[in-house]
Each structure stands twice: as C-alpha cells, then as structure tokens.
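target29.cif (mmCIF, C-alpha atoms)
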```cif
data_input
loop_
_atom_site.label_atom_id
_atom_site.label_comp_id
_atom_site.auth_asym_id
_atom_site.auth_seq_id
_atom_site.Cartn_x
_atom_site.Cartn_y
_atom_site.Cartn_z
CA MET A 1 26.71 -32.95 42.18
CA ASN A 2 29.90 -31.43 43.65
CA ILE A 3 33.45 -32.61 42.94
CA GLU A 4 33.65 -34.79 46.05
CA GLU A 5 30.37 -36.53 45.17
CA ARG A 6 31.59 -37.08 41.59
CA TYR A 7 34.81 -38.64 42.89
CA LYS A 8 32.87 -40.94 45.20
CA ASP A 9 30.69 -41.90 42.24
CA ILE A 10 33.72 -42.72 40.06
CA LEU A 11 35.22 -44.92 42.80
CA THR A 12 31.91 -46.76 43.13
CA LYS A 13 31.51 -47.23 39.37
CA SER A 14 35.12 -48.46 39.16
CA GLU A 15 34.26 -51.03 41.83
CA ILE A 16 37.03 -49.79 44.10
CA ASP A 17 36.53 -50.88 47.70
CA PHE A 18 37.05 -47.57 49.53
CA GLU A 19 36.22 -46.06 52.87
CA VAL A 20 35.54 -42.49 53.90
CA THR A 21 36.72 -40.93 57.14
CA GLU A 22 36.33 -37.44 58.47
CA VAL A 23 39.41 -35.59 59.64
CA GLU A 24 39.93 -32.03 60.85
CA GLN A 25 40.73 -30.69 57.38
CA GLY A 26 37.93 -32.52 55.53
CA LYS A 27 36.99 -35.98 54.25
CA VAL A 28 39.43 -38.71 53.26
CA TYR A 29 38.55 -41.25 50.56
CA LYS A 30 41.01 -44.12 50.86
CA PHE A 31 41.62 -47.59 49.53
CA VAL A 32 44.40 -50.16 49.83
CA ASN A 33 46.29 -51.98 47.10
CA GLU A 34 48.73 -54.82 47.79
CA ARG A 35 51.73 -55.54 45.58
CA GLU A 36 52.92 -59.02 44.68
CA ASP A 37 55.83 -58.65 47.13
CA GLY A 38 53.36 -58.04 49.98
CA LEU A 39 53.88 -54.30 50.30
CA LYS A 40 50.52 -52.66 50.98
CA MET A 41 49.87 -49.11 49.89
CA LEU A 42 47.06 -46.89 51.10
CA LEU A 43 45.93 -44.41 48.46
CA GLY A 44 44.09 -41.41 49.86
CA ALA A 45 42.41 -38.27 48.59
CA VAL A 46 41.66 -35.58 51.18
CA PHE A 47 38.90 -33.21 50.14
CA ASN A 48 39.60 -30.11 52.19
CA ASN A 49 36.78 -28.26 53.91
CA ASP A 50 37.33 -25.14 51.81
CA ASN A 51 36.71 -27.12 48.57
CA ARG A 52 39.64 -25.37 46.90
CA ASP A 53 41.99 -28.32 46.64
CA VAL A 54 42.41 -32.03 47.21
CA ASP A 55 45.52 -33.53 48.77
CA LEU A 56 46.67 -36.89 47.45
CA GLN A 57 48.80 -39.24 49.55
CA ILE A 58 50.33 -42.69 49.27
CA HIS A 59 51.24 -44.43 52.53
CA SER A 60 52.89 -47.84 52.65
CA SER A 61 53.43 -50.79 54.94
CA LEU A 62 57.15 -50.24 54.37
CA GLY A 63 57.45 -49.85 58.13
CA ILE A 64 59.74 -47.77 60.27
CA LEU A 65 63.07 -46.87 58.68
CA ASN A 66 66.35 -46.94 60.59
CA PRO A 67 66.76 -43.45 62.10
CA GLY A 68 70.54 -44.01 62.17
CA LYS A 69 70.51 -44.03 58.36
CA ARG A 70 68.53 -40.77 58.07
CA ASP A 71 71.16 -38.97 55.94
CA GLU A 72 71.36 -41.86 53.47
CA ILE A 73 67.56 -42.07 53.29
CA LEU A 74 67.25 -38.31 52.70
CA GLY A 75 69.90 -38.53 49.97
CA ILE A 76 67.91 -41.22 48.15
CA MET A 77 64.71 -39.21 48.61
CA ASN A 78 66.30 -36.07 47.17
CA LYS A 79 67.53 -38.02 44.15
CA LEU A 80 64.09 -39.55 43.59
CA ASN A 81 62.27 -36.24 44.12
CA ASN A 82 64.44 -34.71 41.40
CA SER A 83 63.70 -37.63 39.08
CA TYR A 84 59.90 -37.47 39.20
CA ARG A 85 57.66 -34.65 38.08
CA TYR A 86 54.64 -35.73 40.12
CA GLY A 87 54.53 -36.38 43.82
CA LYS A 88 57.10 -35.68 46.46
CA LEU A 89 58.53 -38.17 48.89
CA ILE A 90 58.34 -36.93 52.46
CA LEU A 91 59.99 -38.42 55.54
CA LEU A 92 57.65 -38.24 58.51
CA ASP A 93 58.87 -37.84 62.09
CA ASP A 94 58.41 -41.52 62.84
CA SER A 95 60.75 -42.45 59.97
CA GLN A 96 58.00 -43.40 57.54
CA ILE A 97 57.92 -42.25 53.93
CA ILE A 98 54.83 -41.02 52.13
CA ILE A 99 54.28 -39.55 48.68
CA LYS A 100 52.14 -36.41 48.44
CA ASP A 101 50.74 -34.10 45.81
CA SER A 102 47.83 -31.68 45.53
CA ILE A 103 45.34 -30.63 42.89
CA ALA A 104 43.84 -27.14 42.91
CA LEU A 105 40.10 -27.21 42.26
CA LEU A 106 39.89 -23.91 40.42
CA ASP A 107 36.64 -24.28 38.49
CA GLU A 108 33.58 -25.71 40.25
CA SER A 109 31.94 -26.49 36.90
CA PHE A 110 34.84 -28.75 35.82
CA ASP A 111 34.62 -32.45 36.70
CA TYR A 112 37.94 -33.17 38.42
CA SER A 113 36.94 -36.66 39.59
CA GLN A 114 38.76 -38.53 36.82
CA THR A 115 41.79 -36.24 37.14
CA ILE A 116 41.96 -36.92 40.87
CA LEU A 117 41.77 -40.71 40.43
CA GLN A 118 44.26 -40.76 37.53
CA THR A 119 46.73 -38.58 39.45
CA LEU A 120 46.39 -40.83 42.50
CA LEU A 121 47.12 -43.87 40.29
CA LEU A 122 50.11 -42.03 38.80
CA LEU A 123 51.42 -41.44 42.33
CA TYR A 124 50.91 -45.14 43.01
CA LYS A 125 53.18 -45.96 40.06
CA VAL A 126 55.78 -43.55 41.45
CA ALA A 127 55.48 -45.29 44.84
CA GLU A 128 55.90 -48.71 43.21
CA GLU A 129 59.14 -47.52 41.65
CA CYS A 130 60.45 -45.59 44.68
CA PHE A 131 59.54 -47.54 47.81
CA PRO A 132 61.74 -50.59 47.00
CA SER A 133 64.76 -48.23 47.23
CA PHE A 134 64.16 -48.14 50.98
CA TYR A 135 63.73 -51.87 51.71
CA GLU A 136 67.27 -52.24 53.05
CA TYR A 137 66.66 -49.41 55.56
CA ARG A 138 63.65 -51.02 57.23
CA ILE A 139 63.71 -52.01 60.88
CA GLU A 140 62.26 -55.49 61.37
CA GLN A 141 58.90 -55.37 63.15
#
```

What would you get if you wrote out this structure as structure tokens?
Amino acid sequence: MNIEERYKDILTKSEIDFEVTEVEQGKVYKFVNEREDGLKMLLGAVFNNDNRDVDLQIHSSLGILNPGKRDEILGIMNKLNNSYRYGKLILLDDSQIIIKDSIALLDESFDYSQTILQTLLLLYKVAEECFPSFYEYRIEQ
C-alpha cells in the first residue's frame, strides 16, 4: 500500500467524510469542518503526481476581503506568519486567504499517513486562531 492509499485508509477509519478529486498536479483529498461561528474550512491534502511531497491547504468561507485594505491585511498576515512555526498564510489574487504547508515524502517505506493528517489538523488550529483576525476586512456577500 502506498502513502496515498494509507492516508485514504486513515481518513476512512477515522470516519472522516472526505472526497477525492483529480487536479493537474495530482489527487486532492478534502473534507470540510464548520466552526461554531459558522465559518467553514476546507482541509485538503494534495498528493502530487511525482509522489515526492504532499501539499496541505486550509481554505475558508471567510469570503472576499476588501482590496482597499490590502496593506493592513498583509501587515496582519506578516505578523501572524512570524508567530507560527507551521503553515503560512497566503493572500490569493481574489483577496482570499489560505494557509499552506508541505511535507516531503522522503522514504517510501515510512508511513506518513498519520503525519499528514496530524499536520493538517495542526494547520486547522492555526486557521482557527488566525482567520478571525480578518473578519472586519470581509466584504459582505
């Protein structure tokens, strides 16, 4: 069983409702978690076609941020990025913030599945702490 199959197995055994989609760079295993305040976060692991690494991402339903406040938003992001060891906040072109990280899959005999899931959950905790900092910059939709 390869690393991707082991990860899929761990999600299934953990009774996590996930879906798999194919993208240009590989396969994405993703699931959604909703906070008490209604903010939904999509947690995704992208297994790249070369099987050398997995990219982890947290997207949110935070919505589009006010482009007129870009400098303030970037200032907050820089502060937060310096405060956390794992994950980096990134401002996408459409004024949405995601958190990203990667894990190098150096040894095919090592079972990274638990490491991938635990790191993704760690990034989720970072997102829970960081995303509320941007609530006041949202544009109503």

Subject >> Nearest-residue call for A:Leu121, choices A:Ile97, A:Met77, A:Ile58, A:Val28, using only C-alpha atoms >> reply: A:Ile58

**OP:** Check what the PyMOL selection byres ((chain A and resi 26) around 9) selects in the file above and give those residues as number ranges by chain.
**Re:** A: 21-25, 27-28, 46-51

**OP:** List the residues selected by the PyMOL selection byres ((chain A and resi 7-15) around 9) in the file shown, writing them as a PyMOL selection string.
**Re:** chain A and resi 2-6+16-18+29+111-114+116-117

Using C-alpha atoms, can you write the selected residues to a file as an mmCIF file, keeping the file's coordinate frame?
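Written file, part-v5.cif:
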```
data_model
loop_
_atom_site.group_PDB
_atom_site.id
_atom_site.type_symbol
_atom_site.label_atom_id
_atom_site.label_comp_id
_atom_site.auth_asym_id
_atom_site.auth_seq_id
_atom_site.Cartn_x
_atom_site.Cartn_y
_atom_site.Cartn_z
ATOM 1 C CA ASN A 2 29.900 -31.430 43.650
ATOM 2 C CA ILE A 3 33.450 -32.610 42.940
ATOM 3 C CA GLU A 4 33.650 -34.790 46.050
ATOM 4 C CA GLU A 5 30.370 -36.530 45.170
ATOM 5 C CA ARG A 6 31.590 -37.080 41.590
ATOM 6 C CA ILE A 16 37.030 -49.790 44.100
ATOM 7 C CA ASP A 17 36.530 -50.880 47.700
ATOM 8 C CA PHE A 18 37.050 -47.570 49.530
ATOM 9 C CA TYR A 29 38.550 -41.250 50.560
ATOM 10 C CA ASP A 111 34.620 -32.450 36.700
ATOM 11 C CA TYR A 112 37.940 -33.170 38.420
ATOM 12 C CA SER A 113 36.940 -36.660 39.590
ATOM 13 C CA GLN A 114 38.760 -38.530 36.820
ATOM 14 C CA ILE A 116 41.960 -36.920 40.870
ATOM 15 C CA LEU A 117 41.770 -40.710 40.430
#
```

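Residues matched by the PyMOL selection byres ((chain A and resi 30-39) around 6) in this structure: Phe18, Glu19, Tyr29, Lys40, Met41, Leu42, Leu43, Gly44 and Ser61 of chain A.
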
Original post:
Can you tell me how far atom CA of A:Phe110 sits from atom CA of A:Leu122, in Å to one decimal?
Top reply: 20.5 Å
